$ cat entry22.cif   # mmCIF, C-alpha atoms
data_run
loop_
_atom_site.label_atom_id
_atom_site.label_comp_id
_atom_site.auth_asym_id
_atom_site.auth_seq_id
_atom_site.Cartn_x
_atom_site.Cartn_y
_atom_site.Cartn_z
CA MET B 129 113.28 -84.09 -81.85
CA ALA B 130 113.77 -85.06 -85.46
CA GLY B 131 110.77 -85.70 -87.65
CA SER B 132 110.04 -86.68 -91.22
CA THR B 133 108.11 -84.83 -93.91
CA GLY B 134 107.28 -87.98 -95.82
CA LYS B 135 110.72 -88.54 -97.32
CA THR B 136 113.18 -91.04 -95.99
CA VAL B 137 116.18 -89.42 -94.33
CA LEU B 138 118.80 -91.50 -92.59
CA ASP B 139 119.61 -90.37 -89.07
CA HIS B 140 123.35 -90.56 -88.60
CA GLN B 141 126.13 -88.08 -88.00
CA GLU B 142 128.93 -89.37 -90.17
CA PRO B 143 130.29 -86.85 -92.68
CA LEU B 144 129.41 -87.49 -96.30
CA THR B 145 133.12 -87.32 -97.16
CA GLY B 146 136.39 -87.49 -95.30
CA VAL B 147 136.78 -83.73 -95.62
CA LYS B 148 135.89 -81.58 -92.63
CA GLN B 149 132.64 -79.79 -93.43
CA LEU B 150 131.86 -76.10 -92.93
CA VAL B 151 128.47 -74.84 -91.78
CA SER B 152 127.67 -71.13 -92.01
CA LEU B 153 125.29 -69.68 -89.44
CA ILE B 154 123.68 -66.60 -91.02
CA ILE B 155 122.69 -64.12 -88.31
CA PRO B 156 120.95 -60.90 -89.43
CA VAL B 157 121.15 -58.29 -86.67
CA PHE B 158 119.65 -54.85 -86.15
CA ASN B 159 120.30 -53.10 -82.82
CA GLU B 160 121.09 -56.37 -81.01
CA GLU B 161 124.20 -55.44 -79.03
CA ASP B 162 122.91 -57.10 -75.84
CA SER B 163 122.33 -60.52 -77.43
CA ILE B 164 125.48 -61.15 -79.45
CA ARG B 165 127.95 -62.46 -76.88
CA LEU B 166 125.35 -64.63 -75.16
CA PHE B 167 124.34 -66.05 -78.54
CA LEU B 168 127.93 -66.97 -79.38
CA GLU B 169 128.50 -68.57 -75.98
CA GLN B 170 125.39 -70.76 -76.10
CA THR B 171 125.79 -71.68 -79.75
CA SER B 172 129.46 -72.62 -79.30
CA ASN B 173 128.54 -74.86 -76.38
CA ALA B 174 125.69 -76.49 -78.30
CA LEU B 175 127.92 -77.29 -81.29
CA ALA B 176 130.94 -78.42 -79.27
CA PRO B 177 130.19 -82.18 -79.76
CA LEU B 178 130.44 -81.72 -83.55
CA ARG B 179 133.65 -79.77 -83.71
CA ASP B 180 135.87 -82.80 -84.38
CA ASP B 181 134.51 -83.12 -87.91
CA LEU B 182 132.74 -79.78 -88.43
CA ASP B 183 133.86 -76.17 -88.80
CA VAL B 184 131.46 -73.31 -88.09
CA GLU B 185 131.29 -69.83 -89.56
CA TYR B 186 129.32 -67.22 -87.63
CA LEU B 187 128.26 -64.84 -90.39
CA PHE B 188 126.67 -61.72 -88.89
CA VAL B 189 124.87 -59.33 -91.24
CA ASN B 190 124.63 -55.92 -89.61
CA ASP B 191 121.52 -54.38 -91.16
CA GLY B 192 122.32 -50.73 -90.46
CA SER B 193 122.31 -50.95 -86.65
CA ARG B 194 122.43 -47.63 -84.80
CA ASP B 195 123.73 -49.00 -81.50
CA ALA B 196 127.01 -50.74 -80.65
CA THR B 197 126.19 -53.91 -82.57
CA GLU B 198 129.12 -53.59 -84.99
CA ARG B 199 131.65 -52.84 -82.23
CA THR B 200 130.33 -55.73 -80.14
CA ILE B 201 130.69 -58.19 -83.00
CA MET B 202 134.23 -57.01 -83.75
CA ALA B 203 135.16 -57.34 -80.08
CA CYS B 204 133.84 -60.91 -80.02
CA ARG B 205 136.27 -61.87 -82.80
CA ASP B 206 139.02 -62.04 -80.17
CA ASP B 207 137.27 -65.05 -78.59
CA TRP B 208 135.62 -66.38 -81.76
CA PRO B 209 137.94 -65.80 -84.73
CA GLU B 210 135.48 -67.69 -86.95
CA VAL B 211 133.11 -64.69 -86.78
CA SER B 212 132.55 -62.92 -90.10
CA LEU B 213 130.75 -59.59 -90.43
CA VAL B 214 128.89 -58.04 -93.35
CA ASN B 215 128.00 -54.39 -92.72
CA LEU B 216 125.20 -53.03 -94.90
CA SER B 217 125.23 -49.32 -95.74
CA ARG B 218 121.80 -48.78 -94.11
CA ASN B 219 118.80 -50.73 -92.89
CA PHE B 220 117.48 -52.72 -95.86
CA GLY B 221 115.22 -55.08 -93.90
CA LYS B 222 115.62 -58.68 -92.78
CA GLU B 223 114.81 -60.22 -96.15
CA ALA B 224 117.63 -58.27 -97.82
CA ALA B 225 120.00 -58.96 -94.91
CA LEU B 226 119.29 -62.67 -95.15
CA SER B 227 119.96 -62.56 -98.88
CA ALA B 228 123.28 -60.82 -98.19
CA GLY B 229 124.16 -63.59 -95.76
CA LEU B 230 123.35 -66.31 -98.29
CA ASN B 231 125.51 -64.57 -100.90
CA HIS B 232 128.49 -64.33 -98.53
CA ALA B 233 128.18 -67.74 -96.82
CA ARG B 234 131.09 -70.09 -97.56
CA GLY B 235 129.73 -73.22 -95.91
CA ASP B 236 128.74 -76.59 -97.32
CA ALA B 237 125.43 -75.74 -95.63
CA ALA B 238 123.90 -72.52 -94.35
CA ILE B 239 121.55 -72.00 -91.41
CA PRO B 240 119.70 -68.68 -90.97
CA ILE B 241 119.18 -68.14 -87.25
CA ASP B 242 118.02 -65.31 -84.99
CA VAL B 243 120.48 -63.85 -82.49
CA ASP B 244 117.87 -63.59 -79.71
CA LEU B 245 118.09 -67.38 -79.08
CA GLN B 246 114.42 -67.95 -79.87
CA ASP B 247 115.89 -70.32 -82.46
CA PRO B 248 117.55 -72.77 -80.01
CA PRO B 249 121.14 -73.61 -81.06
CA ASP B 250 120.89 -77.20 -79.81
CA VAL B 251 118.35 -77.91 -82.59
CA ILE B 252 121.20 -77.40 -85.06
CA VAL B 253 122.66 -80.76 -84.03
CA ASP B 254 119.49 -82.56 -85.19
CA MET B 255 119.41 -80.50 -88.38
CA ILE B 256 122.97 -81.46 -89.25
CA ALA B 257 122.18 -85.13 -88.58
CA CYS B 258 119.31 -84.99 -91.09
CA TRP B 259 121.52 -83.15 -93.60
CA ARG B 260 124.24 -85.77 -93.32
CA GLY B 261 121.55 -88.37 -93.81
CA GLY B 262 120.80 -86.98 -97.27
CA ALA B 263 118.35 -84.08 -96.85
CA LYS B 264 119.11 -80.92 -98.80
CA VAL B 265 116.72 -78.78 -96.74
CA VAL B 266 115.96 -79.29 -93.05
CA ASN B 267 113.05 -77.22 -91.77
CA ALA B 268 112.74 -76.35 -88.08
CA ARG B 269 109.07 -76.32 -87.13
CA ARG B 270 107.80 -74.61 -83.99
CA ALA B 271 105.86 -77.22 -82.04
CA ARG B 272 104.28 -74.49 -79.89
CA ARG B 273 104.20 -70.69 -79.80
CA ASP B 274 103.37 -70.24 -76.12
CA THR B 275 105.81 -67.34 -75.76
CA ASP B 276 104.01 -65.29 -78.44
CA THR B 277 101.04 -63.07 -77.65
CA TRP B 278 97.53 -64.20 -78.58
CA ALA B 279 97.38 -61.57 -81.30
CA LYS B 280 100.66 -62.70 -82.84
CA ARG B 281 99.71 -66.40 -82.74
CA THR B 282 96.33 -65.67 -84.29
CA SER B 283 97.65 -63.38 -87.02
CA ALA B 284 100.44 -65.84 -87.86
CA GLY B 285 97.94 -68.69 -88.19
CA LEU B 286 95.68 -66.61 -90.42
CA PHE B 287 98.63 -65.60 -92.59
CA TYR B 288 99.79 -69.18 -93.16
CA ARG B 289 96.27 -70.30 -94.06
CA LEU B 290 95.71 -67.38 -96.43
CA PHE B 291 99.13 -67.65 -98.02
CA ASN B 292 98.87 -71.38 -98.63
CA ALA B 293 95.36 -70.97 -100.05
CA LEU B 294 96.69 -68.48 -102.62
CA ALA B 295 100.26 -69.62 -103.31
CA GLU B 296 101.23 -72.06 -106.02
CA TYR B 297 103.95 -73.45 -103.72
CA PRO B 298 102.75 -73.52 -100.08
CA ILE B 299 105.07 -72.85 -97.17
CA PRO B 300 105.07 -75.22 -94.16
CA ASN B 301 103.04 -73.90 -91.26
CA GLY B 302 105.11 -72.94 -88.22
CA VAL B 303 108.42 -72.84 -90.09
CA GLY B 304 110.30 -69.55 -90.19
CA ASP B 305 113.69 -68.70 -91.64
CA PHE B 306 115.39 -71.08 -89.20
CA ARG B 307 116.35 -74.05 -91.36
CA LEU B 308 119.37 -75.76 -92.90
CA LEU B 309 120.09 -75.24 -96.60
CA ASP B 310 122.61 -77.37 -98.45
CA ARG B 311 125.19 -75.58 -100.63
CA GLU B 312 123.33 -76.75 -103.74
CA VAL B 313 120.15 -75.10 -102.44
CA VAL B 314 121.99 -71.90 -101.46
CA ASP B 315 123.49 -71.60 -104.95
CA ALA B 316 120.04 -72.06 -106.52
CA ILE B 317 118.55 -69.34 -104.29
CA CYS B 318 121.41 -66.91 -104.94
CA ALA B 319 120.95 -67.37 -108.69
CA LEU B 320 117.45 -65.85 -108.49
CA GLY B 321 117.40 -62.22 -109.57
CA GLU B 322 114.16 -60.98 -108.04
CA ARG B 323 114.28 -57.98 -105.71
CA SER B 324 110.86 -58.17 -104.01
CA ARG B 325 111.89 -61.06 -101.81
CA PHE B 326 109.97 -63.22 -99.41
CA ASN B 327 112.55 -65.83 -98.51
CA LYS B 328 110.21 -68.36 -96.91
CA ALA B 329 108.39 -68.70 -100.22
CA ILE B 330 111.66 -68.91 -102.16
CA PHE B 331 112.90 -71.69 -99.87
CA SER B 332 109.77 -73.70 -100.71
CA TRP B 333 109.86 -72.87 -104.42
CA VAL B 334 113.35 -74.28 -105.06
CA GLY B 335 112.30 -77.73 -103.90
CA PHE B 336 114.92 -80.42 -103.07
CA GLU B 337 114.66 -83.29 -100.61
CA THR B 338 113.36 -82.02 -97.28
CA ALA B 339 113.41 -83.22 -93.68
CA GLU B 340 112.01 -81.62 -90.56
CA VAL B 341 112.80 -81.20 -86.87
CA GLU B 342 110.52 -79.78 -84.19
CA TYR B 343 111.35 -77.50 -81.29
CA ASP B 344 109.70 -75.37 -78.62
CA ARG B 345 110.29 -71.67 -79.17
CA PRO B 346 111.60 -69.95 -76.01
CA SER B 347 111.38 -66.28 -75.07
CA ARG B 348 113.98 -63.71 -76.10
CA VAL B 349 117.05 -63.68 -73.88
CA ALA B 350 117.85 -59.97 -74.31
CA GLY B 351 116.84 -56.85 -76.17
CA GLU B 352 113.51 -56.10 -77.79
CA THR B 353 111.98 -57.34 -81.01
CA GLN B 354 112.28 -55.02 -83.99
CA TRP B 355 109.11 -56.43 -85.59
CA SER B 356 106.14 -54.11 -85.11
CA TYR B 357 102.70 -55.16 -86.28
CA TRP B 358 103.01 -52.69 -89.15
CA LYS B 359 106.26 -54.33 -90.32
CA LEU B 360 104.67 -57.76 -90.04
CA TRP B 361 101.69 -56.54 -92.09
CA LYS B 362 104.00 -55.24 -94.83
CA LEU B 363 105.95 -58.51 -94.79
CA ALA B 364 102.70 -60.46 -95.15
CA LEU B 365 101.71 -58.36 -98.17
CA ASP B 366 105.16 -58.83 -99.73
CA GLY B 367 104.87 -62.57 -99.20
CA ILE B 368 101.44 -62.90 -100.79
CA PHE B 369 102.01 -60.61 -103.77
CA ALA B 370 105.58 -61.79 -104.43
CA ALA B 371 104.69 -65.48 -104.39
CA SER B 372 101.36 -65.63 -106.20
CA THR B 373 99.26 -64.03 -108.94
CA THR B 374 96.14 -65.66 -107.53
CA PRO B 375 94.69 -62.36 -106.19
CA LEU B 376 94.64 -61.02 -109.76
CA ARG B 377 93.05 -64.21 -111.03
CA ILE B 378 90.43 -64.16 -108.26
CA TRP B 379 89.53 -60.61 -109.15
CA THR B 380 89.06 -61.63 -112.78
CA TYR B 381 86.43 -64.13 -111.65
CA VAL B 382 84.84 -61.58 -109.33
CA GLY B 383 84.69 -59.07 -112.20
CA LEU B 384 83.09 -61.61 -114.53
CA THR B 385 80.53 -62.55 -111.87
CA MET B 386 79.64 -58.94 -111.19
CA ALA B 387 79.45 -58.15 -114.91
CA PHE B 388 77.05 -61.07 -115.39
CA ALA B 389 74.97 -59.98 -112.40
CA SER B 390 74.86 -56.42 -113.76
CA LEU B 391 73.71 -57.67 -117.14
CA MET B 392 70.95 -59.75 -115.58
CA TYR B 393 69.83 -56.82 -113.44
CA SER B 394 69.82 -54.52 -116.50
CA LEU B 395 67.66 -56.99 -118.42
CA PHE B 396 65.33 -57.21 -115.46
CA LEU B 397 64.96 -53.40 -115.30
CA PHE B 398 64.46 -53.18 -119.06
CA THR B 399 61.77 -55.87 -119.05
CA ARG B 400 59.96 -54.40 -116.07
CA THR B 401 60.00 -50.92 -117.60
CA LEU B 402 58.79 -52.27 -120.94
CA PHE B 403 55.75 -54.04 -119.46
CA PHE B 404 54.97 -52.08 -116.28
CA GLY B 405 56.25 -48.58 -116.96
CA VAL B 406 58.71 -46.42 -115.00
CA ASP B 407 58.71 -46.45 -111.20
CA THR B 408 59.67 -43.47 -109.10
CA PRO B 409 63.50 -43.60 -108.89
CA GLY B 410 64.81 -44.78 -105.54
CA TYR B 411 67.74 -42.99 -103.97
CA ALA B 412 68.70 -45.86 -101.64
CA SER B 413 69.02 -48.52 -104.34
CA THR B 414 71.03 -46.14 -106.57
CA ALA B 415 73.38 -45.18 -103.75
CA ILE B 416 73.92 -48.81 -102.74
CA LEU B 417 74.81 -49.82 -106.29
CA ILE B 418 77.21 -46.90 -106.75
CA LEU B 419 78.96 -47.45 -103.43
CA THR B 420 79.19 -51.22 -103.92
CA PHE B 421 80.68 -51.07 -107.39
CA GLY B 422 82.84 -48.07 -106.51
CA GLY B 423 84.30 -49.84 -103.48
CA MET B 424 84.98 -52.99 -105.45
CA ASN B 425 86.70 -51.00 -108.19
CA MET B 426 88.95 -49.25 -105.66
CA PHE B 427 89.81 -52.58 -104.04
CA ALA B 428 90.64 -54.08 -107.43
CA LEU B 429 92.80 -51.07 -108.31
CA GLY B 430 94.62 -51.51 -104.99
CA ILE B 431 95.49 -55.12 -105.83
CA ILE B 432 96.67 -54.12 -109.30
CA GLY B 433 98.70 -51.30 -107.75
CA GLU B 434 100.51 -53.74 -105.46
CA TYR B 435 101.64 -55.77 -108.46
CA VAL B 436 102.52 -52.69 -110.54
CA GLY B 437 104.64 -51.40 -107.66
CA ARG B 438 106.59 -54.64 -107.58
CA ILE B 439 107.02 -54.54 -111.36
CA TYR B 440 108.45 -51.02 -110.93
CA THR B 441 110.88 -52.31 -108.31
CA GLU B 442 112.07 -55.10 -110.59
CA VAL B 443 112.41 -52.87 -113.67
CA ARG B 444 114.65 -50.36 -111.85
CA GLN B 445 117.07 -53.22 -111.09
CA ARG B 446 118.50 -51.58 -108.01
CA PRO B 447 120.61 -53.91 -105.85
CA LEU B 448 118.81 -55.69 -103.05
CA TYR B 449 121.38 -54.32 -100.58
CA ILE B 450 124.66 -52.39 -100.49
CA VAL B 451 127.64 -53.71 -98.51
CA ARG B 452 129.60 -51.04 -96.65
CA SER B 453 132.31 -53.42 -95.44
CA PHE B 454 133.04 -57.12 -95.04
CA VAL B 455 135.29 -58.80 -92.48
CA GLN B 456 135.89 -62.50 -93.07
CA GLY B 457 136.56 -64.79 -90.16
CA GLN B 458 138.72 -67.87 -89.92
CA GLU B 459 137.40 -71.35 -90.46
CA GLY B 460 137.19 -73.24 -87.24
#

$ encode --input "entry22.cif" --output "structure tokens"
Amino acid sequence: MAGSTGKTVLDHQEPLTGVKQLVSLIIPVFNEEDSIRLFLEQTSNALAPLRDDLDVEYLFVNDGSRDATERTIMACRDDWPEVSLVNLSRNFGKEAALSAGLNHARGDAAIPIDVDLQDPPDVIVDMIACWRGGAKVVNARRARRDTDTWAKRTSAGLFYRLFNALAEYPIPNGVGDFRLLDREVVDAICALGERSRFNKAIFSWVGFETAEVEYDRPSRVAGETQWSYWKLWKLALDGIFAASTTPLRIWTYVGLTMAFASLMYSLFLFTRTLFFGVDTPGYASTAILILTFGGMNMFALGIIGEYVGRIYTEVRQRPLYIVRSFVQGQEG
């Protein structure tokens, strides 16, 4: 079901020009040998009505898989010659794999999509309609997350609320990497040189005219998710610290408040001692003050350390990923 984000987008499926357009599906994979052929079958069927005026590139990015993912993809090229494959030299993580896909995509538009079919291929038809209507970015919003566990739904909701409260450029709630990006948007994203990447925030930061479609997220069709709660926690930290300096600014205000409170308390102690003499020192109050200020200092140092670590990553200027090999498919 197509929806609007407040900007007018015409809903038609006529190409913008008489030239046959190319859409690149960017598919990062890590140990997903069981899902690949089924993904290609269902996606090909879903896009069949558009094939008269649209070419599709299936751009797989093999993020250091240790199973038969690479061999499976190469075997599928016999039935789908439009399959391209980027093999990374090791596992660099999904954000780096997605960046590799954007850098290698040839299409007039690119669509990051998961191979497990939790991003339904039939939604692509609505996304392309919005794109041909003039939108440069088409977000796919999850209408419901019934297939996720309670813990995952709750943590995801908390993350979006926290991120958008801190970030200068909020990200739409319920929208993952699954979206359509026009070639102009892809070029703008690829021109960014940062290495600590959180692509959802980058997609929002670049701007451009945006439309939206909604879908219900189904369960995985095969394999197991590679996202542990620890990996999701690290991704959340990367997102917050890579997209905003607000935590540093908040801590500046906290420090000023505590410094003012300390000054007032010192004046109070000085005045009381001056007029009423010295009381017997209290261990409890001293311990509470030391532990409170010590804990806050350690927390502040932790926040500063997160930013310093990312500065270190940027200064080294190591590549975001290393390509071991690249096999380009045919257009069609």

$ closest_residue --input "entry22.cif" --among "B:Ile378, B:Ser227, B:Ala329, B:Glu342" --to "Pro240 in chain B" --atoms "all atoms listed in the file"
B:Ser227

$ residues_around --input "entry22.cif" --residues "Tyr449 in chain B" --least-positions-apart "5" --cutoff "10 Å" --atoms "all atoms listed in the file" --output "PyMOL selection string"
chain B and resi 191+216-221+223-225+227-228+323

$ atom_distance --input "entry22.cif" --atom1 "CA of Ala233 in chain B" --atom2 "CA of Leu245 in chain B"
20.4 Å

$ atom_distance --input "entry22.cif" --atom1 "CA of Leu448 in chain B" --atom2 "CA of His232 in chain B"
13.7 Å

$ atom_distance --input "entry22.cif" --atom1 "CA of Ile299 in chain B" --atom2 "CA of Ser324 in chain B"
17.2 Å

$ resolve_selection --input "entry22.cif" --expression "the PyMOL selection byres ((chain B and resi 338) around 8)" --output "PyMOL selection string"
chain B and resi 133+135+263-267+335-337+339-340

$ residues_around --input "entry22.cif" --residues "range 154-163 of chain B" --least-positions-apart "5" --cutoff "9 Å" --atoms "all atoms listed in the file" --output "PyMOL selection string"
chain B and resi 168+185-201+219+221-222+225-226+229-230+233+238-245+349-352+354

$ write_last_selection --input "entry22.cif" --atoms "C-alpha atoms" --output "CSV table (one decimal), in the coordinates of the input"
chain,number,residue,atom,x,y,z
B,168,LEU,CA,127.9,-67.0,-79.4
B,185,GLU,CA,131.3,-69.8,-89.6
B,186,TYR,CA,129.3,-67.2,-87.6
B,187,LEU,CA,128.3,-64.8,-90.4
B,188,PHE,CA,126.7,-61.7,-88.9
B,189,VAL,CA,124.9,-59.3,-91.2
B,190,ASN,CA,124.6,-55.9,-89.6
B,191,ASP,CA,121.5,-54.4,-91.2
B,192,GLY,CA,122.3,-50.7,-90.5
B,193,SER,CA,122.3,-51.0,-86.6
B,194,ARG,CA,122.4,-47.6,-84.8
B,195,ASP,CA,123.7,-49.0,-81.5
B,196,ALA,CA,127.0,-50.7,-80.6
B,197,THR,CA,126.2,-53.9,-82.6
B,198,GLU,CA,129.1,-53.6,-85.0
B,199,ARG,CA,131.6,-52.8,-82.2
B,200,THR,CA,130.3,-55.7,-80.1
B,201,ILE,CA,130.7,-58.2,-83.0
B,219,ASN,CA,118.8,-50.7,-92.9
B,221,GLY,CA,115.2,-55.1,-93.9
B,222,LYS,CA,115.6,-58.7,-92.8
B,225,ALA,CA,120.0,-59.0,-94.9
B,226,LEU,CA,119.3,-62.7,-95.2
B,229,GLY,CA,124.2,-63.6,-95.8
B,230,LEU,CA,123.4,-66.3,-98.3
B,233,ALA,CA,128.2,-67.7,-96.8
B,238,ALA,CA,123.9,-72.5,-94.4
B,239,ILE,CA,121.6,-72.0,-91.4
B,240,PRO,CA,119.7,-68.7,-91.0
B,241,ILE,CA,119.2,-68.1,-87.2
B,242,ASP,CA,118.0,-65.3,-85.0
B,243,VAL,CA,120.5,-63.8,-82.5
B,244,ASP,CA,117.9,-63.6,-79.7
B,245,LEU,CA,118.1,-67.4,-79.1
B,349,VAL,CA,117.0,-63.7,-73.9
B,350,ALA,CA,117.8,-60.0,-74.3
B,351,GLY,CA,116.8,-56.8,-76.2
B,352,GLU,CA,113.5,-56.1,-77.8
B,354,GLN,CA,112.3,-55.0,-84.0

$ closest_residue --input "entry22.cif" --among "B:Met255, B:Val214, B:Ile432, B:Val147" --to "Arg307 in chain B" --atoms "only C-alpha atoms"
B:Met255

$ residues_around --input "entry22.cif" --residues "Gly235 in chain B" --least-positions-apart "4" --cutoff "9 Å" --atoms "only C-alpha atoms" --output "VMD selection string"
chain B and resid 149 to 153 183 to 185 310 to 311

$ residues_around --input "entry22.cif" --residues "Leu320 in chain B" --least-positions-apart "5" --cutoff "12 Å" --atoms "only C-alpha atoms" --output "list in words"
Ser227, Leu230, Asn231, Val313, Val314, Asp315, Arg325, Asn327, Ile330, Phe331, Trp333, Val334 and Leu448 of chain B

$ closest_residue --input "entry22.cif" --among "B:Tyr343, B:Ala316, B:Asp207, B:Met424" --to "Glu169 in chain B" --atoms "all atoms listed in the file"
B:Asp207

$ closest_residue --input "entry22.cif" --among "B:Phe326, B:Ser212, B:Ala237, B:Val382" --to "Ser453 in chain B" --atoms "only C-alpha atoms"
B:Ser212

$ closest_residue --input "entry22.cif" --among "B:Leu182, B:Val253, B:Ala271, B:Ala176" --to "Gly302 in chain B" --atoms "all atoms listed in the file"
B:Ala271

$ axis_aligned_box --input "entry22.cif" --around "range 205-222 of chain B" --padding-each-side "3 Å" --output "lines of an AutoDock Vina configuration file"
center_x = 127.1
center_y = -58.2
center_z = -87.2
size_x = 29.8
size_y = 24.9
size_z = 23.3
